[in-house]
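For reference, the structure is listed below as structure tokens.
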Amino acid sequence: MRSVALSVVALILGIVIGYLAGMYTAPKAAPSQTAAPTAQATTVTTTTTVTVTQTAAPCRVSVEAIKKRGKLVVGTDATWPPWEWVMGDKIVGWDVDIAREIANALGVQLEIRDMRFAGLLEAVRNGDVDLALSAITWTTEREKVLEFSMPYYLESIVVVTKATRNDINKVEDLYGKTVGVQIGTTHEEWAAANLEKPGKASVRRYDKVYPYMVEVLRRGDVDAIILDRSIATALVRKFPDLKIAFELPGSAGYISVAMPKCAQDLKLAVDQVIENLMQTGRLDEIMQKNFELFLQS
């Protein structure tokens, strides 16, 4: 029994002595390898957070901002009947009625600002107006800096001349002639690229279409003017001394509402209004009513 006890004591002493010896003789642990990666991860996270904060500036135009203000501010160039024109002391037209439908859907008042088309899209981009409704053609270049609604009209571009002229029936017939266009439009872009730069025709630019471009054509200051088919159709009905000479090949394009690139929630609201107007037939009613209104004005 005593020998067993001594053996146990000896075993315990051996274990203790071995443990102490191991502590003093074992190699020291290498410095922690997790400290540097942890610090690096913290730095990366901090940098990413700062970047997001810098680029996520609040949008000046949003549904919330419009409702808080109590009004929808819409920019237009009121010289494009039946899309928009001045009748008496009011701005009326297709786009004005569509803008009113959007304002009603948002539960706010409508404010229309008449401005030159040349500065209209920049006003939208800067957030000076919430939307632009002015027979605006969607293009890939414009979409780089602006947001567009779903299209609500398919348009084409035509050349308008005096009704008595029979010598202008195709693009080549414009060579050597003087052609009027509105500044800032896709019509101006086409005329510059296909007539002016090649030196094939003289291009004159105007701020407003109706009545200014119409009058210079009727006076004979220009040989032709370039317009959207819809406005040209209304104008030749109102002024029988004018006619649509021909349509520019491949000129079909979609008309949409323009808004700031960041206004995604507003785009959803506008799209919903446009889709509802189309499905209910209300859009056709708006267009027919304003077409007749212009002819009677």
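Residue names in the structure tokens use chain letters A, B, ... in the order shown, residue numbers from 1 in each chain, and ligand numbers from 1 in the order shown.
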
query = What's the 12 Å shell around Val181 in chain A, counting only C-alpha atoms, without same-chain residues fewer than 5 positions away, as a ChimeraX atom specification?
reply = /A:117-118,157-160,186-192,195-196,202-210,212-214,216-217,222-228

inquiry  = At a cut-off of 10 Å, using only C-alpha atoms, what residues contact Leu268 in chain A? Leave out same-chain residues fewer than 5 positions from it and give the result as an NGL selection string.
reply    = :A and (63 or 149-150 or 263 or 273)

Suppose we keep all heavy atoms; can you now write the selection as a compact mmCIF listing (two decimals), in the first residue's frame?
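Heads up, here's the output in part_13.txt:
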# COMPACT_ATOMS: atom_id res chain seq x y z
N VAL A 63 -40.62 62.03 -55.30
CA VAL A 63 -42.05 62.09 -54.97
C VAL A 63 -42.24 62.74 -53.61
O VAL A 63 -43.13 63.58 -53.42
CB VAL A 63 -42.65 60.67 -55.00
CG1 VAL A 63 -44.07 60.69 -54.44
CG2 VAL A 63 -42.64 60.11 -56.41
N SER A 149 -39.52 58.47 -69.12
CA SER A 149 -40.68 57.63 -68.83
C SER A 149 -40.88 56.64 -69.96
O SER A 149 -40.19 56.68 -70.99
CB SER A 149 -41.93 58.50 -68.71
OG SER A 149 -42.30 58.99 -70.00
N MET A 150 -41.84 55.76 -69.77
CA MET A 150 -42.24 54.91 -70.88
C MET A 150 -42.79 55.83 -71.99
O MET A 150 -43.34 56.90 -71.71
CB MET A 150 -43.32 53.93 -70.43
CG MET A 150 -44.62 54.56 -69.97
SD MET A 150 -45.83 53.34 -69.38
CE MET A 150 -46.18 52.50 -70.93
N ALA A 263 -34.24 60.43 -60.26
CA ALA A 263 -35.64 60.44 -59.81
C ALA A 263 -36.36 59.15 -60.17
O ALA A 263 -37.37 59.16 -60.89
CB ALA A 263 -36.36 61.65 -60.40
N VAL A 273 -49.11 56.57 -64.45
CA VAL A 273 -50.12 57.48 -64.99
C VAL A 273 -50.26 57.29 -66.50
O VAL A 273 -51.38 57.20 -67.04
CB VAL A 273 -49.76 58.95 -64.68
CG1 VAL A 273 -50.66 59.91 -65.44
CG2 VAL A 273 -49.86 59.21 -63.18

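Across the structure, CA of Gly70 in chain A and CA of Met259 in chain A are spaced 18.0 Å apart.
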
query = Hey, what does DSSP flag as strand (DSSP E or B) within range 101-245 of chain A? Can you give it to me as JSON, numbers by chain?
reply = {"A": [109, 110, 111, 112, 113, 114, 131, 132, 137, 146, 147, 148, 153, 154, 155, 157, 158, 159, 160, 161, 162, 178, 179, 180, 181, 182, 202, 203, 204, 205, 206, 224, 225, 226, 227, 228, 242, 243, 244, 245]}

ask   = Using only C-alpha atoms, which residues sit within 10 Å of range 96-108 of chain A once same-chain residues fewer than 5 positions away are excluded, as a VMD selection string?
value = chain A and resid 63 to 64 66 to 76 78 83 to 85 91 131 to 134 257 266 269 to 274 277 282 to 283 286 to 287 290

Residues as selected, N, CA, C and O atoms, written as a tab-separated table (two decimals), in the first residue's frame, can you do that?
chain	number	residue	atom	x	y	z
A	63	VAL	N	-40.62	62.03	-55.30
A	63	VAL	CA	-42.05	62.09	-54.97
A	63	VAL	C	-42.24	62.74	-53.61
A	63	VAL	O	-43.13	63.58	-53.42
A	64	GLU	N	-41.39	62.38	-52.66
A	64	GLU	CA	-41.50	62.95	-51.31
A	64	GLU	C	-41.30	64.46	-51.34
A	64	GLU	O	-42.05	65.22	-50.71
A	66	ILE	N	-41.74	66.53	-53.86
A	66	ILE	CA	-42.85	67.17	-54.56
A	66	ILE	C	-44.07	67.27	-53.67
A	66	ILE	O	-44.74	68.31	-53.60
A	67	LYS	N	-44.37	66.20	-52.94
A	67	LYS	CA	-45.53	66.21	-52.05
A	67	LYS	C	-45.32	67.19	-50.89
A	67	LYS	O	-46.26	67.88	-50.48
A	68	LYS	N	-44.10	67.26	-50.40
A	68	LYS	CA	-43.82	68.19	-49.32
A	68	LYS	C	-43.97	69.64	-49.79
A	68	LYS	O	-44.48	70.50	-49.07
A	69	ARG	N	-43.55	69.91	-51.03
A	69	ARG	CA	-43.66	71.24	-51.61
A	69	ARG	C	-45.11	71.57	-51.95
A	69	ARG	O	-45.52	72.72	-51.95
A	70	GLY	N	-45.88	70.54	-52.30
A	70	GLY	CA	-47.29	70.75	-52.62
A	70	GLY	C	-47.57	71.07	-54.06
A	70	GLY	O	-48.71	71.38	-54.43
A	71	LYS	N	-46.56	70.99	-54.92
A	71	LYS	CA	-46.77	71.26	-56.34
A	71	LYS	C	-45.74	70.53	-57.20
A	71	LYS	O	-44.61	70.30	-56.77
A	72	LEU	N	-46.16	70.20	-58.41
A	72	LEU	CA	-45.30	69.58	-59.40
A	72	LEU	C	-44.89	70.66	-60.39
A	72	LEU	O	-45.74	71.30	-61.00
A	73	VAL	N	-43.57	70.86	-60.55
A	73	VAL	CA	-43.07	71.90	-61.44
A	73	VAL	C	-42.67	71.25	-62.77
A	73	VAL	O	-41.77	70.41	-62.81
A	74	VAL	N	-43.34	71.64	-63.84
A	74	VAL	CA	-43.12	71.05	-65.16
A	74	VAL	C	-42.63	72.11	-66.13
A	74	VAL	O	-43.22	73.19	-66.25
A	75	GLY	N	-41.57	71.79	-66.84
A	75	GLY	CA	-41.04	72.69	-67.86
A	75	GLY	C	-41.53	72.30	-69.24
A	75	GLY	O	-41.68	71.11	-69.54
A	76	THR	N	-41.80	73.30	-70.08
A	76	THR	CA	-42.24	73.03	-71.44
A	76	THR	C	-41.89	74.22	-72.33
A	76	THR	O	-41.62	75.32	-71.84
A	78	ALA	N	-43.81	76.20	-74.89
A	78	ALA	CA	-45.20	76.32	-75.32
A	78	ALA	C	-45.33	76.93	-76.72
A	78	ALA	O	-46.05	77.91	-76.94
A	83	TRP	N	-49.16	69.95	-78.91
A	83	TRP	CA	-48.51	69.46	-77.69
A	83	TRP	C	-48.59	70.50	-76.57
A	83	TRP	O	-48.94	70.16	-75.44
A	84	GLU	N	-48.23	71.74	-76.90
A	84	GLU	CA	-48.32	72.83	-75.92
A	84	GLU	C	-48.24	74.15	-76.68
A	84	GLU	O	-47.40	74.33	-77.56
A	85	TRP	N	-49.14	75.06	-76.33
A	85	TRP	CA	-49.12	76.39	-76.92
A	85	TRP	C	-49.88	77.34	-76.00
A	85	TRP	O	-50.58	76.90	-75.09
A	91	ILE	N	-51.45	78.23	-70.86
A	91	ILE	CA	-50.72	77.25	-71.65
A	91	ILE	C	-51.55	75.98	-71.69
A	91	ILE	O	-51.93	75.44	-70.64
A	131	LEU	N	-40.09	67.80	-64.00
A	131	LEU	CA	-40.29	67.06	-65.24
A	131	LEU	C	-40.25	68.01	-66.42
A	131	LEU	O	-40.43	69.21	-66.26
A	132	ALA	N	-40.03	67.44	-67.60
A	132	ALA	CA	-40.19	68.21	-68.84
A	132	ALA	C	-41.12	67.44	-69.74
A	132	ALA	O	-40.88	66.27	-70.04
A	133	LEU	N	-42.22	68.07	-70.12
A	133	LEU	CA	-43.14	67.52	-71.11
A	133	LEU	C	-43.22	68.53	-72.23
A	133	LEU	O	-43.80	69.60	-72.08
A	134	SER	N	-42.62	68.18	-73.37
A	134	SER	CA	-42.58	69.12	-74.49
A	134	SER	C	-42.28	68.38	-75.79
A	134	SER	O	-41.37	68.74	-76.52
A	257	VAL	N	-41.56	61.50	-71.28
A	257	VAL	CA	-41.37	62.53	-70.26
A	257	VAL	C	-39.94	62.45	-69.75
A	257	VAL	O	-39.42	61.36	-69.48
A	266	LEU	N	-40.07	58.90	-58.99
A	266	LEU	CA	-40.95	59.73	-59.80
A	266	LEU	C	-41.23	59.06	-61.14
A	266	LEU	O	-42.34	59.12	-61.66
A	269	ALA	N	-44.01	56.61	-60.77
A	269	ALA	CA	-45.31	57.28	-60.67
A	269	ALA	C	-45.77	57.77	-62.04
A	269	ALA	O	-46.95	57.62	-62.40
A	270	VAL	N	-44.86	58.36	-62.82
A	270	VAL	CA	-45.20	58.87	-64.16
A	270	VAL	C	-45.59	57.72	-65.08
A	270	VAL	O	-46.59	57.81	-65.82
A	271	ASP	N	-44.83	56.64	-65.05
A	271	ASP	CA	-45.13	55.47	-65.89
A	271	ASP	C	-46.52	54.92	-65.58
A	271	ASP	O	-47.27	54.52	-66.50
A	272	GLN	N	-46.87	54.90	-64.32
A	272	GLN	CA	-48.18	54.38	-63.92
A	272	GLN	C	-49.30	55.25	-64.49
A	272	GLN	O	-50.32	54.73	-64.95
A	273	VAL	N	-49.11	56.57	-64.45
A	273	VAL	CA	-50.12	57.48	-64.99
A	273	VAL	C	-50.26	57.29	-66.50
A	273	VAL	O	-51.38	57.20	-67.04
A	274	ILE	N	-49.13	57.23	-67.20
A	274	ILE	CA	-49.16	57.08	-68.66
A	274	ILE	C	-49.82	55.76	-69.06
A	274	ILE	O	-50.65	55.71	-69.98
A	277	LEU	N	-53.53	56.07	-68.64
A	277	LEU	CA	-54.12	56.89	-69.69
A	277	LEU	C	-54.27	56.11	-70.99
A	277	LEU	O	-55.28	56.25	-71.71
A	282	ARG	N	-58.03	57.38	-72.29
A	282	ARG	CA	-58.02	58.79	-71.90
A	282	ARG	C	-56.96	59.57	-72.71
A	282	ARG	O	-57.17	60.74	-73.04
A	283	LEU	N	-55.86	58.93	-73.05
A	283	LEU	CA	-54.79	59.61	-73.80
A	283	LEU	C	-55.30	60.02	-75.18
A	283	LEU	O	-55.04	61.13	-75.64
A	286	ILE	N	-57.50	63.07	-74.80
A	286	ILE	CA	-56.70	64.28	-74.58
A	286	ILE	C	-56.14	64.81	-75.89
A	286	ILE	O	-56.19	66.01	-76.18
A	287	MET	N	-55.64	63.91	-76.73
A	287	MET	CA	-55.03	64.32	-77.98
A	287	MET	C	-56.06	64.87	-78.96
A	287	MET	O	-55.85	65.90	-79.61
A	290	ASN	N	-57.36	68.44	-77.79
A	290	ASN	CA	-56.42	69.55	-77.99
A	290	ASN	C	-56.14	69.82	-79.46
A	290	ASN	O	-55.84	70.96	-79.84

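Atom pair CA of Glu143 in chain A / CA of Val171 in chain A: separated by 28.1 Å.
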
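Residue neighbourhood of Leu146 in chain A, excluding near-sequence residues (fewer than 2 positions): Arg125, Arg142, Glu143, Lys144, Phe148, Ala258, Met259, Pro260 and Lys261 of chain A, at 7 Å, using only C-alpha atoms.
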
inquiry  = Excluding Ala234 in chain A and its own-chain neighbours fewer than 2 positions away, which residues fall within 10 Å of it when counting only C-alpha atoms? Please give them as a list in words.
reply    = Trp80, Pro81, Pro82, Arg229, Ser230, Ile231, Ala232, Val236, Arg237, Lys238, Phe239, Phe291, Glu292, Phe294 and Leu295 of chain A

Those residues you just picked out, can you put them in a file as a PDB file, in the first residue's frame with C-alpha atoms?
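Below is the file that was written, result15.pdb:
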ATOM      1  CA  TRP A  80     -45.574  73.289 -80.266  1.00  0.00           C
ATOM      2  CA  PRO A  81     -49.315  72.936 -80.893  1.00  0.00           C
ATOM      3  CA  PRO A  82     -51.098  70.656 -80.238  1.00  0.00           C
ATOM      4  CA  ARG A 229     -45.404  65.113 -88.049  1.00  0.00           C
ATOM      5  CA  SER A 230     -48.001  65.744 -85.326  1.00  0.00           C
ATOM      6  CA  ILE A 231     -47.407  69.497 -85.151  1.00  0.00           C
ATOM      7  CA  ALA A 232     -47.009  69.696 -88.927  1.00  0.00           C
ATOM      8  CA  VAL A 236     -51.193  72.562 -92.337  1.00  0.00           C
ATOM      9  CA  ARG A 237     -54.808  72.069 -91.229  1.00  0.00           C
ATOM     10  CA  LYS A 238     -54.803  75.536 -89.676  1.00  0.00           C
ATOM     11  CA  PHE A 239     -52.820  77.152 -92.507  1.00  0.00           C
ATOM     12  CA  PHE A 291     -56.042  68.990 -81.718  1.00  0.00           C
ATOM     13  CA  GLU A 292     -59.520  70.406 -82.276  1.00  0.00           C
ATOM     14  CA  PHE A 294     -55.843  74.373 -81.702  1.00  0.00           C
ATOM     15  CA  LEU A 295     -57.713  74.372 -85.005  1.00  0.00           C
TER      16      LEU A 295
END
